[in-house]
Amino acid sequence: MGPRLARDLHPGAWWLWALGMAAAATRTTNPLLLVLIVAVVGVVVSARRSEAPWAKGFGAYVVFGLVVIALRVVFRMFLDGGDGAHVLFRLPEIPLPEAAAGIRLGGAVSLEGVLAAVYDGLRLATLVICLGSANVLANPKRLLKSMPSALYEVGSAVTVALSLAPQMVESGRRVMRARRLRGEPGRRLAWFHQVAIPVMADALDRSLMLAAAMDSRGYGRTAGATRAGRTLTATLMLSGLGGICVGTYGTLDTTTPRVIGLPMLVAGVALAVGGLAAGGRRVPRSRYRPDRWRREEIGVALCGLGVAVALGIVASVDPDALNPSLQPLSWPALPLVATVAVLLGALPSVIAPQPRLAAGAST
Amino acid sequence: MSKPTKRRAILIAFVTAFSGVLMVVPAPAAVASTWSEGACSTAEGVTVVVDFGSLGGGVHVRCAPGPVGSGFEALAAAGIDYRTALRSPGFLCRIADKPANDPCVNTSPASAYWGYWIAPRGGQWCYSNLGAASRNPPEGTVEGWSFSSGASAATAPPPGIAVPAAVEGSPASIGSGQCARTVGPPASPPTTASPPTQSAPPAPLNSVTPGPAATPTPGPDAEVAPTAPRAPSGSTKPNAASKTAQPTVPAVVAGATTVIEATTTTTPESANVELSRAARRAAERAAAPVDLGGDTDSGGSPLGALAAGGLLLLLGGVAAVIRRRGRERPA
Amino acid sequence: MIHFDQVSVTYPGAATPALRDVDLNIPEGELCLVVGRTGAGKSTLLGCVNGLVPHFSGGDLRGRVRVDGRDTALHPPRDFADLVGVVGQDPLAGFVTDVVEDELAFGMEQLGVAPAVMRKRVEETLDLLGIAELRSRPLRTLSGGQQQRVAIGAVLAMHPKVLVLDEPTSALDPTAAEEVLAAITRLVHDLGVTAVVAEHRLERVAQYADLVIVLEDATAAAGDPATMLETSPIAPPIVELGRLAGWSPLPLSARDARRVAQPLRDRLAALSPASNPNCDGDVVVEGRGIVVRYGTTVAVRGIDVEIRSGEVVALMGRNGSGKSSLLWALQGSGPRDGGSVLVHSDPNAPLDPARLRPAEARHHVGLVPQTPADLLYLPTVVAECSQADSDAAAAAGTCRSVLDRLVAGIDDETHPRDLSEGQRLALVLAIQLSAAPRVVLLDEPTRGLDYPAKAALGSLLRDLAEAGKSVMVSTHDVEFVAACADRVVVMAEGEVVADGPTAEVVVASPAFAPQVAKVLAPQPWLTVATVRDALAELEP
């Protein structure tokens with residue numbers, strides 16, 4: 001048997017994997033585990049990233065994560081350095097009026113405080129990097145294509161908006177260049193007026209042209225949808241959405257009665273799924289070469305979800321391993337089960353097939 | 001440098017820096033363990049009261065010497081281990097590793113958290129307006145930590161013992177504005193939130209003696225009004241002092257003079273019925289000694305970090321191999 | 001196939017109808033050319049075929065439009081998607097997806113075509129239009145001609161019976177335009193598709209048309225190309241030459257014209273075109289070794305260029321050869337990564353416009369960019385003009401008077417975005433001229449202009465040159481260049497390929513010479529005007 005054929009994985013599989021890794025990252029503040037998660041994500045990205053223009057930019061997410069950590073540390077140093085035993089240095093303390101007696105500006109900066117900020121920032125940075133990896137591995141527009149038929153119009157609108165954004169940027173650049181031809185007249189305040197109006201007018205013209213083109217190509221045909229059918233779909237979707245919102249709130253807030261929590265969430269999801277199914281029936285649209293769920297997709301998704309579930313179980317059984325203490329200051333330990341689970345999250349780098357390198361994909 | 005190599009380099013540098021910082025960490029100032037059991041006998045030093053409430057572990061009173069800069073410093077000076085929340089550095093989430101199921105990442109929920117009470121010697125407990133980190137406890141006052149369980153923040157109970165009596169030179173009142181609300185003497189506590197009753201000091205604080213298991217020390221039980229641990233007698237005497245009942249206990253606990261008042265909040269009938277349950281629970285809890293001090297050595301082994309570093313290198317190698325094999329076999 | 005029955009269209013708020021009592025019958029399988037001045041209603045007529053007028057654009061439509069039996073009043077445009085395919089002027093503005101293949105499939109997805117059929121049709125369309133190697137390319141990276149072909153393919157994949165194209169080649173260079181027109185004629189002849197094309201530049205298309213519709217004053221008249229073009233107000237140079245020489249029937253292609261042109265050639269044998277090379281003025285703009293880079297691509301590679309006072313220089317070359325970059329570098333507002341530019345408006349003090357502040361630089365070198373609307377931001381024409389006067393520190397009314405000389409009859413209170421292409425170009429040119437620069441640069445001003453507007457622009461540029469200014473125009477339009485330029489500079493890949501008098505450069509390539517030159521070759525006639533003048537001299 002020869003090497004596997006290169007193909008692009010269903011974007012949903014990559015997103016499920018990334019969301020699983022992100023969910024796993026939210027369960028722990030152990031810096032070693034978090035760095036391992038980032039490393040695992042990095043391995044998968046470097047192994048299965050394609051050369052298309054939308055797939056660049058993973059480095060930007062890593063840099064953003066480091067910025068998040070740095071900001072947290074700086075804020076912690078200025079706002080509350082912490083009362084740890086190991087004092088690094090002392091900042092001048094700025095006295096605040098009585099009313100703000102609970103806030104402390106400056107003061108001693110302790111290692112425990114800085115490390116607490118690093119742990120916290122690292123968790124957020126890991127989340128950002130996981131979600132960024134999903135963007136890099138799966139073309140976001142293909143994900144929109146895979147949305148259920150009932151949400152097709154929403155998906156198309158988002159796709160079109162994503163395409164128009166670079167055009168507006170280009171238009172803005174052109175207009176700013178053209179301003180110099182008029183001698184950059186006038187007051188500084190007029191700058192916005194002179195740039196915004198042509199750009200907006202240009203965007204409006206283009207969107208009208210686009211709308212006419214889409215209309216001429218048959219977008220928006222709803223042949224055969226009765227009024228009753230549309231009302232039913234709308235009702236189901238809206239009530240499902242409301243149920244999901246209330247259920248999510250109820251699950252996260254522990255003081256609400258139990259019925260508002262999980263049961264409401266389940267009911268909301270069921271209604272929403274019913275609405276999607278009802279809405280999808282009426283649409284006479286086909287899909288060109290849709291992405292299919294095959295074994296590799298299921299494997300990749302299960303890897304991510306498995307990591308999340310494993311870390312969830314470890315968190316409920318032994319929370320101290322996943323949340324190392326800083327009082328007293330000690331080296332964080334590497335819990336065995338959690339580490340093995342996180343390393344299994346790197347399996348998609350071999351499970352998933354090679355991506356198709358887009359030919360001539362330079363912008 | 002190619003992008004993945006660059007990224008790996010950044011990651012490795014980050015981890016190395018992190019480890020390096022920890023290696024050169026300055027040793028902490030040695031904590032002088034000069035605290036003593038019981039309330040401070042003079043007006044110098046701060047008395048620290050810790051009431052574990054429903055966590056089991058009883059009420060402890062210690063005297064922390066010298067001036068302390070904050071409530072946390074008072075705890076540290078009294079040799080009590082505590083842990084603050086990761087994301088809210090001024091919030092205490094655990095004392096002596098209790099409650100164990102609090103992950104200490106965010107602030108504890110309002111139904112199970114450590115409340116911070118302050119009082120002048122001989123005065124009444126009041127709920128502190130400021131957090132332990134923001135407050136500078138004056139010498140001669142009392143700091144109290146009481147674990148609320150099942151109550152909301154408005155009805156959290158103060159420590160279950162009366163404020164130690166005033167001594168000469170101790171301030172008669174704490175500065176104005178530092179009290180959010182005052183609670184009367186424990187003699188007449190609110191019926192719903194019954195503070196735990198203690199008729200004898202609980203298990204030893206520093207694993208001094210194994211004795212307490214033998215003595216029928218009751219575990220405080222917030223749900224049930226605990227009665228005197230003199231369970232065999234089975235009688236509840238409201239407001240009965242307990243000092244006379246256990247003459248052996250003070251010796252066991254190295255002369256701690258804990259002033260404990262037994263209180264009841266239920267009618268005598270129900271108290272009798274729940275007595276056996278309380279006794280049983282008391283016996284169970286008494287079996288687990290509560291060690292407030294813990295080990296103060298900071299360190300732990302860096303093995304975990306080294307293992308993580310090794311795994312990072314391994315992952316980097318794996319990524320390089322996968323990428324190279326992918327290039328060699330274009331599909 | 002397409003029937004218009006007494007169709008009248010009036011837009012909301014308009015005083016006069018855009019179309020009045022139009023009666024047309026376009027048979028199946030014909031290439032139909034719609035001819036008319038700007039604003040005569042070509043876009044309205046094309047919009048009616050699809051139902052965009054009145055469903056999308058609003059307005060009042062009387063009469064009936066039927067396409068293959070379907071009435072546009074009863075069906076919105078999306079119900080015509082399988083019957084009529086519409087391609088606009090700007091293909092990029094009509095693209096919905098990212099990649100060529102997905103764009104071709106989009107229309108079929110909306111129609112609910114079965115996936116297996118979709119795949120086959122995508123392959124067929126790629127082959128038919130010769131874009132098979134572009135299938136996974138992102139749409140933004142394609143050239144103009146390729147984009148236009150993809151746009152045609154995207155509507156063709158639905159197998160429509162009618163193809164409507166609104167100025168498909170206006171934004172394309174000659175080669176790309178040839179490709180697109182070849183594709184259209186192939187569709188008509190091989191597949192039997194009915195094509196309705198509106199074009200300004202009739203030179204290329206007229207010979208292929210089976211039917212010509214002339215729109216004049218909101219009415220339409222249809223007929224055989226030779227007959228209709230004979231009396232049409234808009235006609236390509238070859239038709240003008242035919243009218244001048246009295247050929248009947250009118251030949252529409254160079255080959256047909258050459259067959260009947262021998263007598264004319266004999267008459268003109270002894271004459272020569274009046275030449276007025278203004279090549280003795282002082283050098284006003286001197287550029288040496290200009291280099292412009294965008295990241296790693298080099299747009300302009302070390303070009304030396306000179307513009308003398310009183311001359312009009314035409315800059316030609318295919319899209320992407322660096323013409324715009326050169327003009328912007330000469331004006332000073334664009335990037336210049338090497339070389340020098342000196343403007344000798346004051347003979348003793350040459351200036352580098354890049355070093356001047358923009359407000360000063362525009363008094364020496366004025367540039368009209370490719371999209372003139374980028375400069376307009378005020379709500380009325382009069383506001384723009386007074387702003388221009390105050391910016392340029394000129395007397396009030398300067399801009400307005402220049403505008404009136406360029407285009408007459410623009411109402412003060414019109415919104416600049418409601419003006420036609422030619423009027424907007426004139427407004428921006430007036431704004432730039434109010435600063436009284438010594439050098440005037442224009443970047444592709446002839447896009448979207450019809451023949452009379454181009455003639456007016458050409459004569460304006462000649463007037464500017466007579467007044468002593470230096471003018472440089474970048475354009476694809478060879479006829480325009482032949483009419484008004486003294487010198488031609490041809491660029492390719494950032495370098496100068498040819499630089500010389502118009503007469504020499506423009507006839508050097510037989511494929512892209514002006515029509516008159518092709519017909520009367522080997523004689524050196526470039527425009528009908530010069531032939532007319534020469535013949536007038538013959539008559540005593």
# chains A, B, ... in the order shown; residues from 1 in each chain; ligands from 1
call {"tool": "select_by_dssp", "arguments": {"residues": "segment 101-277 of chain A", "states": "strand (DSSP E or B)", "output": "MDAnalysis selection string"}}
result
chainID A and resid 105:110
call {"tool": "closest_atom_pairs", "arguments": {"of": "chain A", "to": "chain B", "cutoff": "7 Å", "atoms": "only C-alpha atoms", "output": "JSON lines"}}
result
{"residue": "A:Pro3", "atom": "CA", "partner": "B:Ala331", "partner_atom": "CA", "distance": 6.9}
{"residue": "A:Arg4", "atom": "CA", "partner": "B:Ala331", "partner_atom": "CA", "distance": 6.9}
{"residue": "A:Leu5", "atom": "CA", "partner": "B:Ala331", "partner_atom": "CA", "distance": 5.3}
{"residue": "A:Ala6", "atom": "CA", "partner": "B:Ala331", "partner_atom": "CA", "distance": 5.4}
{"residue": "A:Leu32", "atom": "CA", "partner": "B:Ala308", "partner_atom": "CA", "distance": 6.2}
{"residue": "A:Leu36", "atom": "CA", "partner": "B:Leu312", "partner_atom": "CA", "distance": 6.8}
{"residue": "A:Ala39", "atom": "CA", "partner": "B:Leu312", "partner_atom": "CA", "distance": 6.6}
{"residue": "A:Val43", "atom": "CA", "partner": "B:Ala319", "partner_atom": "CA", "distance": 5.1}
{"residue": "A:Ser46", "atom": "CA", "partner": "B:Pro4", "partner_atom": "CA", "distance": 6.2}
{"residue": "A:Ala47", "atom": "CA", "partner": "B:Arg323", "partner_atom": "CA", "distance": 5.3}
{"residue": "A:Gly82", "atom": "CA", "partner": "B:Pro89", "partner_atom": "CA", "distance": 6.0}
{"residue": "A:Ala85", "atom": "CA", "partner": "B:Pro28", "partner_atom": "CA", "distance": 5.6}
{"residue": "A:His86", "atom": "CA", "partner": "B:Pro28", "partner_atom": "CA", "distance": 5.3}
{"residue": "A:Gly102", "atom": "CA", "partner": "B:Ser134", "partner_atom": "CA", "distance": 5.7}
{"residue": "A:Ala116", "atom": "CA", "partner": "B:Leu86", "partner_atom": "CA", "distance": 5.5}
{"residue": "A:Asp120", "atom": "CA", "partner": "B:Arg87", "partner_atom": "CA", "distance": 6.7}
{"residue": "A:Pro319", "atom": "CA", "partner": "B:Pro103", "partner_atom": "CA", "distance": 6.0}
{"residue": "A:Asp320", "atom": "CA", "partner": "B:Pro103", "partner_atom": "CA", "distance": 6.7}
{"residue": "A:Asn323", "atom": "CA", "partner": "B:Pro103", "partner_atom": "CA", "distance": 6.5}
{"residue": "A:Gln327", "atom": "CA", "partner": "B:Arg83", "partner_atom": "CA", "distance": 5.7}
{"residue": "A:Pro328", "atom": "CA", "partner": "B:Ser298", "partner_atom": "CA", "distance": 5.5}
{"residue": "A:Leu329", "atom": "CA", "partner": "B:Ser298", "partner_atom": "CA", "distance": 5.2}
{"residue": "A:Ser330", "atom": "CA", "partner": "B:Gly299", "partner_atom": "CA", "distance": 4.3}
{"residue": "A:Trp331", "atom": "CA", "partner": "B:Gly300", "partner_atom": "CA", "distance": 5.3}
{"residue": "A:Pro332", "atom": "CA", "partner": "B:Gly304", "partner_atom": "CA", "distance": 6.6}
{"residue": "A:Ala333", "atom": "CA", "partner": "B:Gly304", "partner_atom": "CA", "distance": 4.8}
{"residue": "A:Leu334", "atom": "CA", "partner": "B:Gly304", "partner_atom": "CA", "distance": 4.8}
call {"tool": "closest_residue", "arguments": {"among": "A:Trp14, A:Tyr119, A:Phe192, A:Tyr288", "to": "Thr29 of chain A", "atoms": "only C-alpha atoms"}}
result
A:Tyr119
call {"tool": "closest_residue", "arguments": {"among": "A:Lys56, A:Arg49, A:Arg180, A:Arg142", "to": "chain C", "atoms": "only C-alpha atoms"}}
result
A:Arg180
call {"tool": "residues_around", "arguments": {"residues": "Ala359 of chain C", "least_positions_apart": "3", "cutoff": "10 Å", "atoms": "only C-alpha atoms", "output": "list in words"}}
result
Arg180, Leu181, Arg182, Gly183, Glu184 and Pro185 of chain A; Leu356, Arg362, His363, His364, Asp391, Ala392 and Ala435 of chain C
